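Below: run_34.txt (compact mmCIF, C-alpha atoms)
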# COMPACT_ATOMS: atom_id res chain seq x y z
CA TRP A 1008 0.39 -16.81 93.07
CA GLU A 1009 3.39 -18.58 91.64
CA ALA A 1010 1.88 -18.46 88.14
CA ARG A 1011 1.57 -14.69 88.28
CA LYS A 1012 5.21 -14.36 89.35
CA ILE A 1013 6.29 -16.63 86.50
CA TRP A 1014 4.41 -14.60 83.93
CA GLY A 1015 5.76 -11.35 85.36
CA ALA A 1016 9.27 -12.76 84.86
CA VAL A 1017 8.41 -13.86 81.30
CA ILE A 1018 7.26 -10.31 80.48
CA ASN A 1019 10.45 -8.77 81.88
CA GLN A 1020 12.63 -11.31 80.09
CA THR A 1021 10.90 -10.67 76.76
CA ARG A 1022 11.34 -6.93 77.13
CA ASP A 1023 15.02 -7.50 77.83
CA LEU A 1024 15.46 -9.71 74.74
CA THR A 1025 13.74 -7.07 72.61
CA ARG A 1026 16.25 -4.57 73.95
CA GLN A 1027 19.19 -6.91 73.33
CA ALA A 1028 18.06 -7.36 69.72
CA HIS A 1029 19.41 -3.84 69.12
CA TRP A 1030 22.93 -5.27 69.50
CA PHE A 1031 22.42 -7.05 66.16
CA ARG A 1032 23.92 -5.45 63.07
CA ASN A 1033 21.54 -7.36 60.80
CA THR A 1034 18.20 -5.55 61.22
CA GLU A 1035 16.10 -8.40 59.82
CA ARG A 1036 17.66 -10.82 62.26
CA ALA A 1037 17.16 -8.34 65.10
CA ARG A 1038 13.45 -8.12 64.34
CA LYS A 1039 13.33 -11.91 64.05
CA LEU A 1040 14.85 -12.34 67.52
CA SER A 1041 12.39 -9.87 69.00
CA GLY A 1042 9.48 -11.55 67.22
CA LEU A 1043 10.55 -14.97 68.48
CA ALA A 1044 10.75 -13.62 72.02
CA VAL A 1045 7.16 -12.41 71.79
CA ALA A 1046 6.15 -15.68 70.09
CA PHE A 1047 7.48 -17.53 73.14
CA SER A 1048 4.92 -15.80 75.35
CA TYR A 1049 2.12 -16.77 72.96
CA ALA A 1050 3.41 -20.35 72.75
CA LEU A 1051 3.60 -20.60 76.55
CA ASN A 1052 0.09 -19.17 76.82
CA ALA A 1053 -1.27 -21.82 74.43
CA HIS A 1054 0.72 -24.55 76.18
CA CYS A 1055 -0.71 -23.59 79.57
CA LEU A 1056 -4.23 -23.26 78.18
CA LYS A 1057 -4.17 -26.71 76.56
CA GLY A 1058 -2.95 -28.27 79.78
CA THR A 1059 -5.61 -26.77 82.01
CA LEU A 1060 -8.61 -28.79 83.16
CA VAL A 1061 -10.92 -25.82 82.59
CA ASP A 1062 -12.82 -25.56 79.30
CA ALA A 1063 -10.63 -23.47 76.97
CA SER A 1064 -13.47 -22.44 74.64
CA SER A 1065 -14.06 -19.22 76.56
CA HIS A 1066 -10.42 -18.18 76.00
CA ILE A 1067 -10.04 -18.72 72.24
CA GLY A 1068 -12.75 -16.34 71.00
CA GLN A 1069 -13.50 -16.69 67.29
CA TYR A 1070 -10.96 -19.46 66.71
CA ALA A 1071 -11.88 -23.12 66.40
CA SER A 1072 -9.06 -24.35 68.64
CA VAL A 1073 -6.10 -23.25 70.72
CA ASP A 1074 -3.78 -24.22 67.84
CA ASP A 1075 -5.66 -22.01 65.36
CA LYS A 1076 -5.44 -19.11 67.78
CA LEU A 1077 -1.70 -19.63 68.27
CA LYS A 1078 -1.12 -19.82 64.52
CA ALA A 1079 -2.90 -16.51 63.95
CA GLU A 1080 -0.95 -14.86 66.76
CA ILE A 1081 2.61 -15.88 65.89
CA THR A 1082 2.56 -15.99 62.06
CA PRO A 1083 2.88 -12.16 61.75
CA LEU A 1084 5.77 -12.28 64.21
CA ILE A 1085 7.94 -15.13 62.90
CA GLY A 1086 6.60 -16.04 59.44
CA GLU A 1087 4.82 -19.10 58.10
CA GLU A 1088 7.79 -21.49 57.98
CA ALA A 1089 8.81 -20.94 61.60
CA THR A 1090 5.14 -21.12 62.63
CA LYS A 1091 4.86 -24.57 61.03
CA GLU A 1092 7.92 -25.73 62.98
CA VAL A 1093 6.43 -24.46 66.24
CA LEU A 1094 3.01 -26.02 65.67
CA ALA A 1095 4.55 -29.37 64.72
CA ALA A 1096 6.60 -29.56 67.92
CA PRO A 1097 5.35 -31.58 70.91
CA HIS A 1098 6.41 -28.76 73.27
CA ARG A 1099 5.92 -25.39 71.54
CA PRO A 1100 7.76 -23.15 74.06
CA VAL A 1101 10.87 -25.36 73.85
CA GLU A 1102 10.74 -25.18 70.05
CA VAL A 1103 10.65 -21.38 70.16
CA CYS A 1104 13.71 -21.46 72.42
CA ARG A 1105 15.46 -23.61 69.83
CA LEU A 1106 14.63 -21.08 67.10
CA LEU A 1107 15.89 -18.27 69.31
CA THR A 1108 19.20 -20.07 69.80
CA ARG A 1109 19.56 -20.62 66.06
CA CYS A 1110 18.82 -16.95 65.36
CA LEU A 1111 21.43 -15.91 67.91
CA ALA A 1112 24.05 -18.25 66.42
CA GLU A 1113 23.46 -16.86 62.93
CA GLU A 1114 24.22 -13.30 64.03
CA GLY A 1115 27.72 -14.01 65.32
CA LEU A 1116 27.90 -11.58 68.24
CA THR A 1117 30.99 -11.28 70.37
CA PRO A 1118 31.26 -14.13 72.91
CA MET A 1119 30.36 -11.84 75.80
CA LEU A 1120 27.22 -10.42 74.18
CA GLU A 1121 26.18 -13.83 72.90
CA ALA A 1122 26.48 -15.29 76.40
CA ARG A 1123 24.24 -12.56 77.80
CA VAL A 1124 21.51 -13.16 75.22
CA ASP A 1125 21.79 -16.92 75.60
CA THR A 1126 21.30 -16.58 79.37
CA ASN A 1127 17.91 -14.95 78.75
CA ILE A 1128 16.94 -17.68 76.28
CA ALA A 1129 17.93 -20.39 78.76
CA THR A 1130 15.79 -18.73 81.42
CA TYR A 1131 12.77 -19.11 79.11
CA SER A 1132 13.19 -22.88 79.41
CA ASP A 1133 13.11 -22.54 83.19
CA TYR A 1134 9.82 -20.63 83.05
CA GLY A 1135 8.29 -23.27 80.79
CA GLY A 1136 9.33 -25.94 83.28
CA MET A 1137 7.80 -23.99 86.16
CA CYS A 1138 4.47 -23.80 84.34
CA ASP A 1139 4.64 -27.54 83.63
CA ARG A 1140 5.22 -28.18 87.32
CA ILE A 1141 2.07 -26.26 88.26
CA GLN A 1142 0.00 -28.15 85.67
CA LYS A 1143 1.35 -31.62 86.32
CA THR A 1144 1.22 -31.56 90.12
CA PRO A 1145 -2.44 -30.74 90.86
CA MET A 1146 -4.04 -30.95 94.25
CA PRO A 1147 -4.85 -34.60 95.09
CA LEU A 1148 -8.37 -35.54 94.02
CA VAL A 1149 -9.11 -37.21 97.38
CA TYR A 1150 -8.43 -33.88 99.10
CA THR A 1151 -10.83 -31.88 96.94
CA ARG A 1152 -13.54 -34.54 97.23
CA HIS A 1153 -13.14 -34.77 100.99
CA THR A 1154 -13.37 -30.97 101.32
CA ALA A 1155 -16.52 -30.79 99.18
CA ARG A 1156 -18.23 -33.63 101.07
CA PHE A 1157 -17.37 -32.12 104.44
CA LEU A 1158 -18.77 -28.72 103.43
CA LEU A 1159 -22.01 -30.20 102.07
CA THR A 1160 -22.52 -32.32 105.20
CA TRP A 1161 -21.86 -29.35 107.47
CA LEU A 1162 -24.24 -27.12 105.50
CA LEU A 1163 -27.02 -29.74 105.68
CA PHE A 1164 -26.99 -29.56 109.49
CA VAL A 1165 -26.97 -25.77 109.67
CA PRO A 1166 -30.79 -25.30 109.26
CA SER A 1167 -31.63 -27.82 112.01
CA VAL A 1168 -29.15 -26.18 114.39
CA LEU A 1169 -30.63 -22.76 113.70
CA LEU A 1170 -34.19 -24.00 114.20
CA GLY A 1171 -33.14 -25.59 117.48
CA ALA A 1172 -31.68 -22.25 118.56
CA GLY A 1173 -35.08 -20.59 118.11
CA PHE A 1174 -34.60 -18.79 114.80
CA GLY A 1175 -37.67 -18.27 112.61
CA THR A 1176 -38.14 -19.99 109.24
CA GLY A 1177 -37.26 -16.89 107.22
CA ALA A 1178 -34.12 -16.25 109.23
CA VAL A 1179 -33.06 -19.90 108.93
CA ILE A 1180 -33.43 -19.81 105.13
CA GLY A 1181 -31.56 -16.54 104.79
CA ILE A 1182 -28.69 -17.52 107.09
CA SER A 1183 -28.37 -20.98 105.50
CA VAL A 1184 -28.23 -19.56 101.97
CA GLY A 1185 -25.68 -16.94 103.00
CA MET A 1186 -23.41 -19.44 104.74
CA ALA A 1187 -23.66 -21.88 101.82
CA THR A 1188 -22.68 -19.13 99.38
CA LEU A 1189 -19.66 -18.14 101.45
CA MET A 1190 -18.43 -21.66 102.21
CA LEU A 1191 -18.89 -23.03 98.68
CA GLY A 1192 -17.27 -19.86 97.33
CA ILE A 1193 -14.15 -20.72 99.32
CA ASP A 1194 -14.14 -24.16 97.72
CA GLU A 1195 -14.43 -22.59 94.26
CA LEU A 1196 -11.51 -20.28 95.03
CA GLY A 1197 -9.43 -23.35 95.80
CA VAL A 1198 -10.26 -24.79 92.39
CA GLN A 1199 -9.20 -21.54 90.66
CA ILE A 1200 -5.94 -21.41 92.57
CA GLU A 1201 -5.24 -24.94 91.36
CA GLU A 1202 -5.91 -23.82 87.74
CA PRO A 1203 -4.38 -20.30 87.66
CA PHE A 1204 -3.79 -20.17 83.90
CA SER A 1205 -7.52 -20.01 83.20
CA VAL A 1206 -7.82 -16.96 85.47
CA LEU A 1207 -4.78 -14.81 84.61
CA PRO A 1208 -5.18 -12.30 81.73
CA MET A 1209 -2.40 -13.93 79.69
CA ASP A 1210 -3.77 -12.71 76.35
CA SER A 1211 -3.40 -9.16 77.62
CA TYR A 1212 0.18 -9.87 78.71
CA CYS A 1213 1.10 -11.28 75.29
CA ASN A 1214 -0.61 -8.53 73.32
CA GLY A 1215 1.27 -5.90 75.31
CA LEU A 1216 4.58 -7.54 74.35
CA ARG A 1217 3.46 -7.73 70.72
CA ASP A 1218 2.72 -3.99 70.72
CA LEU A 1219 6.19 -3.32 72.16
CA HIS A 1220 7.75 -5.39 69.36
CA ASN A 1221 5.73 -3.64 66.65
CA TYR A 1222 6.66 -0.22 68.02
CA ALA A 1223 10.41 -0.93 68.13
CA GLU A 1224 12.55 0.41 65.29
CA PHE A 1225 15.49 -1.88 64.60
CA LEU A 1226 18.55 -0.10 63.18
CA PRO A 1227 21.98 -1.59 62.48
CA ALA A 1228 24.05 -1.64 65.64
CA PRO A 1229 27.26 0.44 65.40
CA LYS A 1230 30.48 -1.46 64.93
CA PRO A 1231 32.20 -1.79 68.30
CA LYS A 1232 35.30 0.34 68.70
CA PRO A 1233 38.53 -1.57 69.27
CA ALA A 1234 39.86 -1.24 72.79
CA GLY A 1235 43.37 -1.78 73.95
CA ASN A 1236 44.42 -4.70 76.09
CA VAL A 1237 41.13 -6.52 75.71
CA PRO A 1238 41.47 -10.31 76.07
CA ASP A 1239 40.34 -12.51 73.17
CA TRP A 1240 37.46 -14.06 75.14
CA ALA A 1241 35.77 -10.63 75.56
Go through the file and emit its structure as structure tokens.
Amino acid sequence: WEARKIWGAVINQTRDLTRQAHWFRNTERARKLSGLAVAFSYALNAHCLKGTLVDASSHIGQYASVDDKLKAEITPLIGEEATKEVLAAPHRPVEVCRLLTRCLAEEGLTPMLEARVDTNIATYSDYGGMCDRIQKTPMPLVYTRHTARFLLTWLLFVPSVLLGAGFGTGAVIGISVGMATLMLGIDELGVQIEEPFSVLPMDSYCNGLRDLHNYAEFLPAPKPKPAGNVPDWA
């Protein structure tokens, strides 16, 4: 699935940003960058869940809405003020990317290190766009309706064909039920493939990244040693 590949890339990118936060000499800002990286995964999860056609109530647990769940998840990571900014934004993942960029600019890394971190942040925007593409280009409704009608019509003729072939009543019922279960199950699989974000364990993905962030110990990065003949842009 494309969605699974996207989320695998998001996980790897977040781990990499958490690692790159150790380049920061300001420990509070390092933890902030790492927390924002994890908050991006939660924001993308909520964004995907709100855009799905499947009922989201089974995915939010004790919370009243997807927004309440997101607020509870990211407030411990980025604080109340940043959480308000994220929740007020029309596109939450993009807003987290903006906060990541601002955090990076405040640190003042060397141009080379800053470019590396910014590349990871820019890739987050790509992943958000990929998820939007999956949500906003669903399978045409006429195709799904045609498939369902064809299957139902075909299944209605199965019992008469079996009776004509000499099968007994019990065998006809059993075979018809079995074939209907298999064929309609294929149709249901197609619906789930069209709505992958309601199937993937995204909460588990996000919580694993949160645990990684909470475990990390952010210490001041050592001052880089001056090297000879190093150009100014490095």
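Between CA of Glu1114 (chain A) and CA of Ser1048 (chain A) lies a distance of 22.5 Å.
When all atoms listed in the file are used to measure the gap to Ile1018 (chain A), the shortest distance among A:Val1206, A:Cys1213, A:Cys1138, A:Ala1096 belongs to A:Cys1213.
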- Between A:Leu1024, A:Ala1155, A:Leu1120, A:Ile1085, which has the minimum distance to Leu1106 (chain A) (counting all atoms listed in the file)?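 Of all the options, A:Ile1085 lies closest to Leu1106 (chain A).
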- Query: Can you tell me how far CA of Thr1144 (chain A) sits from CA of Leu1056 (chain A), in Å to one decimal?
  - Reply: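 Answer for the CA of Thr1144 (chain A) to CA of Leu1056 (chain A) separation: 15.5 Å.
Straight-line separation from CA of Gly1181 (chain A) to CA of Phe1157 (chain A): 21.1 Å.
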- Query: Looking at A:Leu1077, A:Met1186, A:Val1017, A:Ile1141, which one is nearest to Lys1091 (chain A), with distances taken over only C-alpha atoms?
  - Reply: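 Checking each of A:Leu1077, A:Met1186, A:Val1017, A:Ile1141 against Lys1091 (chain A), counting only C-alpha atoms, the winner is A:Leu1077.
By chain and then residue number, the residues within 12 Å of region 1158-1162 of chain A are A:Thr1151, A:Arg1152, A:His1153, A:Thr1154, A:Pro1166, A:Ser1167, A:Val1168, A:Leu1169, A:Val1179, A:Ile1180, A:Ile1182, A:Ser1183, A:Val1184, A:Gly1185, A:Met1186, A:Ala1187, A:Thr1188, A:Leu1189, A:Met1190, A:Leu1191, A:Gly1192, A:Ile1193, A:Asp1194, A:Glu1195, counting all atoms listed in the file and disregarding those fewer than 4 positions away in sequence.
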- Message: Would you pick out the contacts of Asp1218 (chain A) at 12 Å or less, using all atoms listed in the file, so that residues sharing its chain but fewer than 6 positions from it are not included, and give the list as a PyMOL selection string?
- Response: chain A and resi 1022+1025+1041-1042+1045+1084+1211-1212
Can you write just those residues out, C-alpha atoms, as a PDB file, in the frame of the given file?
ATOM      1  CA  ARG A1022      11.340  -6.930  77.130  1.00  0.00           C
ATOM      2  CA  THR A1025      13.740  -7.070  72.610  1.00  0.00           C
ATOM      3  CA  SER A1041      12.390  -9.870  69.000  1.00  0.00           C
ATOM      4  CA  GLY A1042       9.480 -11.550  67.220  1.00  0.00           C
ATOM      5  CA  VAL A1045       7.160 -12.410  71.790  1.00  0.00           C
ATOM      6  CA  LEU A1084       5.770 -12.280  64.210  1.00  0.00           C
ATOM      7  CA  SER A1211      -3.400  -9.160  77.620  1.00  0.00           C
ATOM      8  CA  TYR A1212       0.180  -9.870  78.710  1.00  0.00           C
TER       9      TYR A1212
END
Put a box with edges along x, y and z around all the listed atoms of region 1163-1178 of chain A, pad it by 3 Å on each side, then give me its centre and sizes in Å, one decimal, as lines of an AutoDock Vina configuration file.
center_x = -32.6
center_y = -23.0
center_z = 112.1
size_x = 17.2
size_y = 19.5
size_z = 18.9
- Message: Quick one: residues within 10 Å of Glu1102 (chain A), only C-alpha atoms, excluding same-chain residues fewer than 3 positions away - as a ChimeraX atom specification?
- Response: /A:1047,1050,1089,1092-1099,1105-1108,1132
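Distance check against Cys1110 (chain A) using all atoms listed in the file: of A:Val1165, A:Leu1051, A:Ala1044, A:Ala1079, the minimum falls on A:Ala1044.
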- Message: With distances taken over all atoms listed in the file, which residue among A:Asn1127, A:Ser1205, A:Asn1221, A:Thr1176 lies nearest Gln1020 (chain A)?
- Response: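 That would be A:Asn1127, the residue with the smallest distance to Gln1020 (chain A).
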